[in-house]
$ cat model_6.pdb   # PDB, C-alpha atoms, pLDDT in the B column
ATOM      1  CA  MET A 296       0.000   0.000   0.000  1.00 55.00           C
ATOM      2  CA  GLU A 297       1.206   3.505  -0.824  1.00 65.00           C
ATOM      3  CA  ILE A 298       1.997   5.496   2.318  1.00 67.00           C
ATOM      4  CA  TRP A 299       0.138   8.779   2.249  1.00 81.00           C
ATOM      5  CA  SER A 300       1.502  12.246   2.780  1.00 84.00           C
ATOM      6  CA  SER A 301       0.649  14.066   6.002  1.00 85.00           C
ATOM      7  CA  GLN A 302      -1.944  16.110   4.073  1.00 88.00           C
ATOM      8  CA  ASP A 303      -3.614  12.934   2.800  1.00 90.00           C
ATOM      9  CA  ARG A 304      -3.842  11.416   6.288  1.00 89.00           C
ATOM     10  CA  VAL A 305      -5.326  14.561   7.785  1.00 92.00           C
ATOM     11  CA  ALA A 306      -7.749  14.873   4.864  1.00 93.00           C
ATOM     12  CA  VAL A 307      -9.088  11.336   5.385  1.00 93.00           C
ATOM     13  CA  TRP A 308      -9.306  11.929   9.150  1.00 94.00           C
ATOM     14  CA  HIS A 309     -11.299  15.119   8.525  1.00 94.00           C
ATOM     15  CA  ALA A 310     -13.535  13.358   5.985  1.00 95.00           C
ATOM     16  CA  ALA A 311     -14.267  10.624   8.548  1.00 93.00           C
ATOM     17  CA  LEU A 312     -15.353  13.244  11.071  1.00 93.00           C
ATOM     18  CA  GLN A 313     -17.838  14.637   8.574  1.00 94.00           C
ATOM     19  CA  ALA A 314     -19.105  11.297   7.171  1.00 94.00           C
ATOM     20  CA  SER A 315     -22.203   9.267   7.995  1.00 92.00           C
ATOM     21  CA  ALA A 316     -21.851   6.305  10.369  1.00 87.00           C
ATOM     22  CA  ASP A 317     -21.278   3.672   7.665  1.00 88.00           C
ATOM     23  CA  GLN A 318     -18.929   5.851   5.633  1.00 92.00           C
ATOM     24  CA  ARG A 319     -17.062   6.832   8.777  1.00 91.00           C
ATOM     25  CA  ARG A 320     -16.314   3.216   9.684  1.00 89.00           C
ATOM     26  CA  ALA A 321     -15.037   2.498   6.157  1.00 92.00           C
ATOM     27  CA  LEU A 322     -12.837   5.605   6.200  1.00 93.00           C
ATOM     28  CA  MET A 323     -11.462   4.752   9.640  1.00 91.00           C
ATOM     29  CA  ARG A 324     -10.457   1.289   8.459  1.00 89.00           C
ATOM     30  CA  ILE A 325      -8.677   2.775   5.439  1.00 90.00           C
ATOM     31  CA  LEU A 326      -6.985   5.320   7.695  1.00 90.00           C
ATOM     32  CA  ALA A 327      -6.051   2.622  10.233  1.00 89.00           C
ATOM     33  CA  THR A 328      -4.381   0.429   7.605  1.00 86.00           C
ATOM     34  CA  ASN A 329      -2.365   3.297   6.189  1.00 86.00           C
ATOM     35  CA  LEU A 330      -1.354   4.570   9.618  1.00 86.00           C
ATOM     36  CA  LEU A 331       0.030   1.163  10.546  1.00 84.00           C
ATOM     37  CA  ASP A 332       2.035   1.094   7.319  1.00 81.00           C
ATOM     38  CA  GLY A 333       3.493   4.442   8.351  1.00 79.00           C
ATOM     39  CA  MET A 334       4.276   3.175  11.872  1.00 80.00           C
ATOM     40  CA  GLY A 335       6.792   0.617  10.629  1.00 74.00           C
ATOM     41  CA  ALA A 336       9.159   1.357  13.518  1.00 60.00           C
ATOM     42  CA  LEU A 337       6.733  -0.468  15.809  1.00 70.00           C
ATOM     43  CA  ASP A 338       6.377  -3.564  13.575  1.00 67.00           C
ATOM     44  CA  LEU A 339       2.578  -3.308  13.442  1.00 68.00           C
ATOM     45  CA  ASP A 340       1.613  -5.121  10.279  1.00 68.00           C
ATOM     46  CA  SER A 341      -0.988  -7.768  11.163  1.00 77.00           C
ATOM     47  CA  GLU A 342      -4.755  -7.875  10.809  1.00 82.00           C
ATOM     48  CA  GLU A 343      -4.904  -7.940  14.609  1.00 85.00           C
ATOM     49  CA  HIS A 344      -3.218  -4.540  14.730  1.00 86.00           C
ATOM     50  CA  VAL A 345      -5.584  -3.189  12.069  1.00 86.00           C
ATOM     51  CA  ARG A 346      -8.498  -4.251  14.285  1.00 89.00           C
ATOM     52  CA  LEU A 347      -6.836  -2.624  17.286  1.00 91.00           C
ATOM     53  CA  MET A 348      -6.365   0.642  15.401  1.00 91.00           C
ATOM     54  CA  VAL A 349      -9.925   0.616  14.029  1.00 92.00           C
ATOM     55  CA  GLU A 350     -11.403  -0.152  17.452  1.00 94.00           C
ATOM     56  CA  SER A 351      -9.250   2.552  19.017  1.00 95.00           C
ATOM     57  CA  LEU A 352     -10.432   5.154  16.505  1.00 94.00           C
ATOM     58  CA  GLU A 353     -14.059   4.048  16.903  1.00 94.00           C
ATOM     59  CA  THR A 354     -13.774   4.293  20.693  1.00 95.00           C
ATOM     60  CA  LEU A 355     -12.351   7.799  20.454  1.00 95.00           C
ATOM     61  CA  ASP A 356     -15.168   8.668  18.063  1.00 94.00           C
ATOM     62  CA  GLY A 357     -17.751   7.300  20.489  1.00 94.00           C
ATOM     63  CA  ALA A 358     -16.224   9.363  23.299  1.00 94.00           C
ATOM     64  CA  ASP A 359     -16.205  12.480  21.083  1.00 94.00           C
ATOM     65  CA  LEU A 360     -12.394  12.592  21.140  1.00 94.00           C
ATOM     66  CA  LEU A 361     -11.598  11.683  17.522  1.00 94.00           C
ATOM     67  CA  GLY A 362     -11.574  15.355  16.518  1.00 93.00           C
ATOM     68  CA  ARG A 363      -8.901  16.395  19.037  1.00 92.00           C
ATOM     69  CA  ALA A 364      -6.316  18.785  17.617  1.00 90.00           C
ATOM     70  CA  SER A 365      -3.532  16.812  19.319  1.00 89.00           C
ATOM     71  CA  LEU A 366      -4.523  13.687  17.367  1.00 91.00           C
ATOM     72  CA  ARG A 367      -4.601  15.679  14.145  1.00 91.00           C
ATOM     73  CA  HIS A 368      -1.073  16.894  14.901  1.00 88.00           C
ATOM     74  CA  ALA A 369       0.160  13.351  15.571  1.00 88.00           C
ATOM     75  CA  LEU A 370      -1.412  12.085  12.332  1.00 89.00           C
ATOM     76  CA  GLY A 371       0.135  14.897  10.325  1.00 86.00           C
ATOM     77  CA  ALA A 372       3.565  14.522  11.920  1.00 84.00           C
ATOM     78  CA  LEU A 373       3.866  10.778  11.210  1.00 82.00           C
ATOM     79  CA  LEU A 374       6.995  10.137   9.104  1.00 73.00           C
ATOM     80  CA  GLU A 375       7.974  13.801   9.313  1.00 69.00           C
ATOM     81  CA  GLN A 376      10.538  13.258  12.102  1.00 70.00           C
ATOM     82  CA  PRO A 377      12.143  10.342  13.968  1.00 68.00           C
ATOM     83  CA  GLY A 378      10.050   9.064  16.856  1.00 75.00           C
ATOM     84  CA  GLU A 379       6.680  10.171  15.466  1.00 82.00           C
ATOM     85  CA  ALA A 380       5.372   6.570  15.249  1.00 83.00           C
ATOM     86  CA  GLU A 381       5.935   6.288  18.993  1.00 84.00           C
ATOM     87  CA  ALA A 382       4.335   9.701  19.536  1.00 85.00           C
ATOM     88  CA  LEU A 383       1.202   8.667  17.640  1.00 88.00           C
ATOM     89  CA  ALA A 384       0.910   5.419  19.623  1.00 88.00           C
ATOM     90  CA  ALA A 385       1.338   7.332  22.888  1.00 87.00           C
ATOM     91  CA  GLU A 386      -1.234   9.952  21.858  1.00 90.00           C
ATOM     92  CA  ILE A 387      -3.802   7.284  21.012  1.00 92.00           C
ATOM     93  CA  SER A 388      -3.059   5.596  24.333  1.00 90.00           C
ATOM     94  CA  GLY A 389      -3.527   8.819  26.292  1.00 89.00           C
ATOM     95  CA  LEU A 390      -6.795   9.658  24.542  1.00 92.00           C
ATOM     96  CA  LEU A 391      -8.099   6.146  25.199  1.00 93.00           C
ATOM     97  CA  ARG A 392      -7.451   6.626  28.916  1.00 89.00           C
ATOM     98  CA  GLU A 393      -9.432   9.847  28.695  1.00 90.00           C
ATOM     99  CA  ALA A 394     -12.196   7.974  26.857  1.00 92.00           C
ATOM    100  CA  ALA A 395     -12.414   5.572  29.808  1.00 89.00           C
ATOM    101  CA  GLY A 396     -13.903   8.434  31.803  1.00 86.00           C
ATOM    102  CA  ALA A 397     -16.466   9.415  29.149  1.00 87.00           C
ATOM    103  CA  SER A 398     -20.093   8.953  30.177  1.00 86.00           C
ATOM    104  CA  ARG A 399     -21.008   8.593  26.482  1.00 89.00           C
ATOM    105  CA  LEU A 400     -19.500   5.079  26.496  1.00 91.00           C
ATOM    106  CA  ASP A 401     -20.993   2.081  28.256  1.00 89.00           C
ATOM    107  CA  LEU A 402     -19.117   0.269  31.003  1.00 89.00           C
ATOM    108  CA  GLU A 403     -17.545  -2.440  28.826  1.00 90.00           C
ATOM    109  CA  ARG A 404     -16.294   0.018  26.227  1.00 92.00           C
ATOM    110  CA  ARG A 405     -14.720   2.135  28.959  1.00 91.00           C
ATOM    111  CA  VAL A 406     -12.939  -0.906  30.381  1.00 91.00           C
ATOM    112  CA  ARG A 407     -11.852  -1.909  26.880  1.00 94.00           C
ATOM    113  CA  ALA A 408     -10.472   1.610  26.354  1.00 93.00           C
ATOM    114  CA  ILE A 409      -8.060   1.064  29.271  1.00 91.00           C
ATOM    115  CA  GLU A 410      -7.024  -2.326  27.875  1.00 90.00           C
ATOM    116  CA  MET A 411      -6.283  -0.816  24.463  1.00 92.00           C
ATOM    117  CA  ALA A 412      -4.391   2.096  26.029  1.00 91.00           C
ATOM    118  CA  SER A 413      -2.117  -0.422  27.745  1.00 87.00           C
ATOM    119  CA  GLN A 414      -1.602  -2.281  24.452  1.00 87.00           C
ATOM    120  CA  TRP A 415      -0.472   0.866  22.655  1.00 88.00           C
ATOM    121  CA  CYS A 416       1.980   1.739  25.434  1.00 82.00           C
ATOM    122  CA  GLU A 417       3.327  -1.810  25.393  1.00 81.00           C
ATOM    123  CA  HIS A 418       4.057  -1.538  21.658  1.00 77.00           C
ATOM    124  CA  VAL A 419       6.286   1.468  22.321  1.00 75.00           C
ATOM    125  CA  VAL A 420       8.037  -0.057  25.340  1.00 67.00           C
ATOM    126  CA  ARG A 421       8.569  -3.431  23.603  1.00 68.00           C
ATOM    127  CA  ARG A 422      10.263  -1.709  20.673  1.00 65.00           C
ATOM    128  CA  ARG A 423      12.857  -0.345  23.117  1.00 59.00           C
ATOM    129  CA  ARG A 424      14.526  -3.693  23.883  1.00 54.00           C
ATOM    130  CA  ALA A 425      17.521  -2.003  25.485  1.00 56.00           C
ATOM    131  CA  GLU A 426      17.509   1.096  27.660  1.00 62.00           C
ATOM    132  CA  PRO A 427      18.408   3.907  25.231  1.00 73.00           C
ATOM    133  CA  ALA A 428      20.448   6.937  26.212  1.00 82.00           C
ATOM    134  CA  VAL A 429      17.994   9.278  24.487  1.00 83.00           C
ATOM    135  CA  LEU A 430      14.183   9.103  24.406  1.00 85.00           C
ATOM    136  CA  SER A 431      11.633  10.572  22.018  1.00 83.00           C
ATOM    137  CA  VAL A 432       8.480  12.427  23.082  1.00 85.00           C
ATOM    138  CA  GLY A 433       6.486   9.275  22.336  1.00 82.00           C
ATOM    139  CA  ASP A 434       8.809   7.153  24.485  1.00 82.00           C
ATOM    140  CA  VAL A 435       8.359   9.434  27.504  1.00 86.00           C
ATOM    141  CA  ALA A 436       4.598   9.700  27.026  1.00 83.00           C
ATOM    142  CA  ALA A 437       4.196   5.919  26.733  1.00 78.00           C
ATOM    143  CA  CYS A 438       6.438   5.123  29.691  1.00 77.00           C
ATOM    144  CA  LEU A 439       4.720   7.616  32.011  1.00 79.00           C
ATOM    145  CA  GLY A 440       1.232   6.908  30.646  1.00 75.00           C
ATOM    146  CA  VAL A 441       0.409  10.498  29.629  1.00 81.00           C
ATOM    147  CA  ARG A 442      -0.504  12.155  26.348  1.00 82.00           C
ATOM    148  CA  THR A 443       2.179  13.646  24.146  1.00 84.00           C
ATOM    149  CA  GLN A 444       0.630  17.059  24.799  1.00 84.00           C
ATOM    150  CA  ALA A 445       1.750  16.807  28.421  1.00 86.00           C
ATOM    151  CA  VAL A 446       5.340  15.985  27.419  1.00 88.00           C
ATOM    152  CA  TYR A 447       5.453  18.912  24.995  1.00 88.00           C
ATOM    153  CA  ARG A 448       4.182  21.176  27.801  1.00 88.00           C
ATOM    154  CA  TRP A 449       6.929  19.924  30.142  1.00 90.00           C
ATOM    155  CA  LEU A 450       9.507  20.575  27.427  1.00 89.00           C
ATOM    156  CA  GLN A 451       8.236  24.103  26.785  1.00 87.00           C
ATOM    157  CA  ASN A 452       8.222  24.870  30.515  1.00 86.00           C
ATOM    158  CA  GLY A 453      11.704  23.434  31.026  1.00 86.00           C
ATOM    159  CA  HIS A 454      10.505  20.794  33.491  1.00 86.00           C
ATOM    160  CA  ILE A 455      12.501  18.026  31.802  1.00 89.00           C
ATOM    161  CA  GLU A 456      15.950  18.112  30.239  1.00 88.00           C
ATOM    162  CA  ALA A 457      16.024  17.916  26.449  1.00 89.00           C
ATOM    163  CA  ALA A 458      17.664  19.218  23.295  1.00 88.00           C
ATOM    164  CA  CYS A 459      15.830  20.128  20.110  1.00 83.00           C
ATOM    165  CA  GLY A 460      17.433  18.737  16.952  1.00 74.00           C
ATOM    166  CA  PRO A 461      17.785  20.529  13.589  1.00 70.00           C
ATOM    167  CA  GLY A 462      14.545  18.991  12.304  1.00 69.00           C
ATOM    168  CA  GLY A 463      12.592  20.074  15.361  1.00 73.00           C
ATOM    169  CA  SER A 464      12.571  16.634  17.019  1.00 78.00           C
ATOM    170  CA  TRP A 465      13.295  16.458  20.739  1.00 85.00           C
ATOM    171  CA  ARG A 466      16.110  14.342  22.172  1.00 84.00           C
ATOM    172  CA  ILE A 467      15.369  13.659  25.834  1.00 89.00           C
ATOM    173  CA  PRO A 468      18.139  12.140  28.033  1.00 88.00           C
ATOM    174  CA  ALA A 469      16.827   8.912  29.539  1.00 84.00           C
ATOM    175  CA  ALA A 470      18.912   9.155  32.726  1.00 84.00           C
ATOM    176  CA  GLN A 471      16.423  11.553  34.307  1.00 82.00           C
ATOM    177  CA  PHE A 472      13.809   8.771  34.160  1.00 76.00           C
ATOM    178  CA  ALA A 473      16.043   6.076  35.648  1.00 66.00           C
ATOM    179  CA  ARG A 474      14.184   2.984  36.874  1.00 53.00           C
ATOM    180  CA  GLU A 475      15.087   3.591  40.512  1.00 46.00           C
ATOM    181  CA  GLN A 476      13.570   7.083  40.266  1.00 47.00           C
ATOM    182  CA  ARG A 477      10.240   6.011  38.751  1.00 48.00           C
ATOM    183  CA  PRO A 478       7.051   6.008  40.816  1.00 46.00           C
ATOM    184  CA  ARG A 479       6.430   2.982  43.016  1.00 44.00           C
ATOM    185  CA  THR A 480       2.953   2.710  41.464  1.00 46.00           C
ATOM    186  CA  SER A 481       3.285   1.669  37.820  1.00 60.00           C
ATOM    187  CA  ARG A 482       0.999   2.694  34.964  1.00 66.00           C
ATOM    188  CA  ALA A 483      -0.223  -0.921  34.751  1.00 68.00           C
ATOM    189  CA  GLN A 484      -1.296  -0.738  38.401  1.00 66.00           C
ATOM    190  CA  LEU A 485      -3.072   2.572  37.809  1.00 67.00           C
ATOM    191  CA  ASP A 486      -4.863   1.102  34.788  1.00 74.00           C
ATOM    192  CA  ALA A 487      -5.975  -1.899  36.835  1.00 75.00           C
ATOM    193  CA  LEU A 488      -7.246   0.431  39.568  1.00 72.00           C
ATOM    194  CA  GLN A 489      -9.180   2.513  37.073  1.00 72.00           C
ATOM    195  CA  VAL A 490     -10.815  -0.613  35.620  1.00 77.00           C
ATOM    196  CA  GLN A 491     -11.881  -1.630  39.138  1.00 76.00           C
ATOM    197  CA  LEU A 492     -13.365   1.814  39.760  1.00 76.00           C
ATOM    198  CA  ILE A 493     -15.253   1.793  36.466  1.00 78.00           C
ATOM    199  CA  ARG A 494     -16.715  -1.640  37.179  1.00 75.00           C
ATOM    200  CA  LEU A 495     -17.581  -0.663  40.753  1.00 73.00           C
ATOM    201  CA  HIS A 496     -19.326   2.575  39.896  1.00 67.00           C
ATOM    202  CA  GLY A 497     -20.861   1.555  36.583  1.00 63.00           C
ATOM    203  CA  ASP A 498     -22.053   4.488  34.477  1.00 54.00           C
ATOM    204  CA  ARG A 499     -21.683   6.959  37.318  1.00 51.00           C
ATOM    205  CA  THR A 500     -18.667   9.226  37.579  1.00 49.00           C
ATOM    206  CA  ALA A 501     -16.112   7.208  39.492  1.00 44.00           C
ATOM    207  CA  PRO A 502     -13.612   8.669  41.921  1.00 43.00           C
ATOM    208  CA  GLY A 503     -10.153   8.252  40.462  1.00 44.00           C
ATOM    209  CA  GLN A 504     -11.094   9.209  36.909  1.00 46.00           C
ATOM    210  CA  HIS A 505      -8.533  11.989  37.356  1.00 44.00           C
ATOM    211  CA  LEU A 506      -5.930   9.301  36.603  1.00 45.00           C
ATOM    212  CA  CYS A 507      -6.379   9.989  32.879  1.00 46.00           C
ATOM    213  CA  ARG A 508      -6.766  13.784  32.953  1.00 50.00           C
ATOM    214  CA  ASP A 509      -4.153  16.233  31.737  1.00 47.00           C
ATOM    215  CA  SER A 510      -4.554  18.302  34.915  1.00 47.00           C
ATOM    216  CA  ASP A 511      -2.794  15.551  36.870  1.00 52.00           C
ATOM    217  CA  ASP A 512       0.080  14.987  34.434  1.00 60.00           C
ATOM    218  CA  ASP A 513       2.392  17.174  36.523  1.00 57.00           C
ATOM    219  CA  ARG A 514       1.861  14.805  39.457  1.00 52.00           C
ATOM    220  CA  VAL A 515       3.012  11.936  37.259  1.00 53.00           C
ATOM    221  CA  LEU A 516       6.168  13.861  36.347  1.00 62.00           C
ATOM    222  CA  ALA A 517       6.803  14.824  39.969  1.00 56.00           C
ATOM    223  CA  GLY A 518       6.471  11.191  40.997  1.00 55.00           C
ATOM    224  CA  SER A 519       9.005  10.065  38.386  1.00 58.00           C
ATOM    225  CA  GLU A 520      11.584  12.474  39.767  1.00 51.00           C
ATOM    226  CA  ARG A 521      11.456  11.212  43.358  1.00 47.00           C
TER
END
$ encode --input "model_6.pdb" --output "structure tokens"
Amino acid sequence: MEIWSSQDRVAVWHAALQASADQRRALMRILATNLLDGMGALDLDSEEHVRLMVESLETLDGADLLGRASLRHALGALLEQPGEAEALAAEISGLLREAAGASRLDLERRVRAIEMASQWCEHVVRRRRAEPAVLSVGDVAACLGVRTQAVYRWLQNGHIEAACGPGGSWRIPAAQFAREQRPRTSRAQLDALQVQLIRLHGDRTAPGQHLCRDSDDDRVLAGSER
């Protein structure tokens, strides 16, 4: 399959937002397949991954998150700079965690959103077989379980050490996120807790839904520095 330009990907994404239900699903499958072709760094080339991408996009659509500007940016940036495949996976993961708190979705779809968020993060972490000296924005977002938007905000505010390369890509020293400095509570544990809260409280707003909100991202960063 021909890999689209950033303009083509964004155009299909925008067309899906404007399409009827049936057309939207067809467009999302086309977009999903092409996105996975463009995310070659993560070795996502199976029908299973196509289903994961389609279901992820449909879940974001159901939670009214598919039209987020941050997702549009991640779609457009794919293949533009090194590390953008990881950034897209991390962005989808972060939005899925936000979808888990959306009252528009039923209980099972909210639980499934957490499961898929974990899968996307795992794809990024698995690709990094050895501990690298330098991380991308997507690496940091996936490892800390936040959206790429939060990492870009930390970079702009100087809260994490990084250098910006000639092409505009960020090179983030990994030493500041050393294993012994990471929070005692892992993202997997937080995901499991959120699933328990969703199941316990059903369709009501559950305490602990702040675990997927951007307003608490700074607490995640503070915890990783202890």
$ residues_around --input "model_6.pdb" --residues "Ser365 (chain A)" --least-positions-apart "6" --cutoff "12 Å" --atoms "only C-alpha atoms" --output "PyMOL selection string"
chain A and resi 305+371-372+382-383+385-387+389-390+442-445+447
$ write_last_selection --input "model_6.pdb" --atoms "C-alpha atoms" --output "PDB file, keeping the file's coordinate frame"
ATOM      1  CA  VAL A 305      -5.326  14.561   7.785  1.00 92.00           C
ATOM      2  CA  GLY A 371       0.135  14.897  10.325  1.00 86.00           C
ATOM      3  CA  ALA A 372       3.565  14.522  11.920  1.00 84.00           C
ATOM      4  CA  ALA A 382       4.335   9.701  19.536  1.00 85.00           C
ATOM      5  CA  LEU A 383       1.202   8.667  17.640  1.00 88.00           C
ATOM      6  CA  ALA A 385       1.338   7.332  22.888  1.00 87.00           C
ATOM      7  CA  GLU A 386      -1.234   9.952  21.858  1.00 90.00           C
ATOM      8  CA  ILE A 387      -3.802   7.284  21.012  1.00 92.00           C
ATOM      9  CA  GLY A 389      -3.527   8.819  26.292  1.00 89.00           C
ATOM     10  CA  LEU A 390      -6.795   9.658  24.542  1.00 92.00           C
ATOM     11  CA  ARG A 442      -0.504  12.155  26.348  1.00 82.00           C
ATOM     12  CA  THR A 443       2.179  13.646  24.146  1.00 84.00           C
ATOM     13  CA  GLN A 444       0.630  17.059  24.799  1.00 84.00           C
ATOM     14  CA  ALA A 445       1.750  16.807  28.421  1.00 86.00           C
ATOM     15  CA  TYR A 447       5.453  18.912  24.995  1.00 88.00           C
TER      16      TYR A 447
END
$ residues_near_point --input "model_6.pdb" --point "(14.1, 7.5, 25.3)" --cutoff "10 Å" --atoms "all atoms listed in the file" --output "ChimeraX atom specification"
/A:378,420,423,426-436,438,466-470,472
$ write_last_selection --input "model_6.pdb" --atoms "C-alpha atoms" --output "PDB file, keeping the file's coordinate frame"
ATOM      1  CA  GLY A 378      10.050   9.064  16.856  1.00 75.00           C
ATOM      2  CA  VAL A 420       8.037  -0.057  25.340  1.00 67.00           C
ATOM      3  CA  ARG A 423      12.857  -0.345  23.117  1.00 59.00           C
ATOM      4  CA  GLU A 426      17.509   1.096  27.660  1.00 62.00           C
ATOM      5  CA  PRO A 427      18.408   3.907  25.231  1.00 73.00           C
ATOM      6  CA  ALA A 428      20.448   6.937  26.212  1.00 82.00           C
ATOM      7  CA  VAL A 429      17.994   9.278  24.487  1.00 83.00           C
ATOM      8  CA  LEU A 430      14.183   9.103  24.406  1.00 85.00           C
ATOM      9  CA  SER A 431      11.633  10.572  22.018  1.00 83.00           C
ATOM     10  CA  VAL A 432       8.480  12.427  23.082  1.00 85.00           C
ATOM     11  CA  GLY A 433       6.486   9.275  22.336  1.00 82.00           C
ATOM     12  CA  ASP A 434       8.809   7.153  24.485  1.00 82.00           C
ATOM     13  CA  VAL A 435       8.359   9.434  27.504  1.00 86.00           C
ATOM     14  CA  ALA A 436       4.598   9.700  27.026  1.00 83.00           C
ATOM     15  CA  CYS A 438       6.438   5.123  29.691  1.00 77.00           C
ATOM     16  CA  ARG A 466      16.110  14.342  22.172  1.00 84.00           C
ATOM     17  CA  ILE A 467      15.369  13.659  25.834  1.00 89.00           C
ATOM     18  CA  PRO A 468      18.139  12.140  28.033  1.00 88.00           C
ATOM     19  CA  ALA A 469      16.827   8.912  29.539  1.00 84.00           C
ATOM     20  CA  ALA A 470      18.912   9.155  32.726  1.00 84.00           C
ATOM     21  CA  PHE A 472      13.809   8.771  34.160  1.00 76.00           C
TER      22      PHE A 472
END
$ atom_distance --input "model_6.pdb" --atom1 "CA of Leu366 (chain A)" --atom2 "CA of Glu393 (chain A)"
12.9 Å
$ atom_distance --input "model_6.pdb" --atom1 "CA of Ala306 (chain A)" --atom2 "CA of Met411 (chain A)"
25.1 Å
$ atom_distance --input "model_6.pdb" --atom1 "CA of Ser300 (chain A)" --atom2 "CA of Arg320 (chain A)"
21.1 Å
$ closest_residue --input "model_6.pdb" --among "A:Gln376, A:Gln414, A:Gln313, A:Thr328" --to "Asp356 (chain A)" --atoms "all atoms listed in the file"
A:Gln313
$ resolve_selection --input "model_6.pdb" --expression "the PyMOL selection byres ((chain A and resi 331) around 12)" --output "MDAnalysis selection string"
chainID A and resid 296:299 304 324:330 332:349 370 373:374 380:381 383:384
$ write_last_selection --input "model_6.pdb" --atoms "C-alpha atoms" --output "CSV table (one decimal), in the frame of the given file"
chain,number,residue,atom,x,y,z
A,296,MET,CA,0.0,0.0,0.0
A,297,GLU,CA,1.2,3.5,-0.8
A,298,ILE,CA,2.0,5.5,2.3
A,299,TRP,CA,0.1,8.8,2.2
A,304,ARG,CA,-3.8,11.4,6.3
A,324,ARG,CA,-10.5,1.3,8.5
A,325,ILE,CA,-8.7,2.8,5.4
A,326,LEU,CA,-7.0,5.3,7.7
A,327,ALA,CA,-6.1,2.6,10.2
A,328,THR,CA,-4.4,0.4,7.6
A,329,ASN,CA,-2.4,3.3,6.2
A,330,LEU,CA,-1.4,4.6,9.6
A,332,ASP,CA,2.0,1.1,7.3
A,333,GLY,CA,3.5,4.4,8.4
A,334,MET,CA,4.3,3.2,11.9
A,335,GLY,CA,6.8,0.6,10.6
A,336,ALA,CA,9.2,1.4,13.5
A,337,LEU,CA,6.7,-0.5,15.8
A,338,ASP,CA,6.4,-3.6,13.6
A,339,LEU,CA,2.6,-3.3,13.4
A,340,ASP,CA,1.6,-5.1,10.3
A,341,SER,CA,-1.0,-7.8,11.2
A,342,GLU,CA,-4.8,-7.9,10.8
A,343,GLU,CA,-4.9,-7.9,14.6
A,344,HIS,CA,-3.2,-4.5,14.7
A,345,VAL,CA,-5.6,-3.2,12.1
A,346,ARG,CA,-8.5,-4.3,14.3
A,347,LEU,CA,-6.8,-2.6,17.3
A,348,MET,CA,-6.4,0.6,15.4
A,349,VAL,CA,-9.9,0.6,14.0
A,370,LEU,CA,-1.4,12.1,12.3
A,373,LEU,CA,3.9,10.8,11.2
A,374,LEU,CA,7.0,10.1,9.1
A,380,ALA,CA,5.4,6.6,15.2
A,381,GLU,CA,5.9,6.3,19.0
A,383,LEU,CA,1.2,8.7,17.6
A,384,ALA,CA,0.9,5.4,19.6
$ axis_aligned_box --input "model_6.pdb" --around "region 437-452 of chain A" --padding-each-side "5 Å" --output "JSON"
{"center_x": 4.5, "center_y": 15.0, "center_z": 28.1, "size_x": 20.0, "size_y": 29.7, "size_z": 17.9}
$ closest_residue --input "model_6.pdb" --among "A:Ala369, A:Ala316, A:Ala458, A:Val406" --to "Leu495 (chain A)" --atoms "all atoms listed in the file"
A:Val406
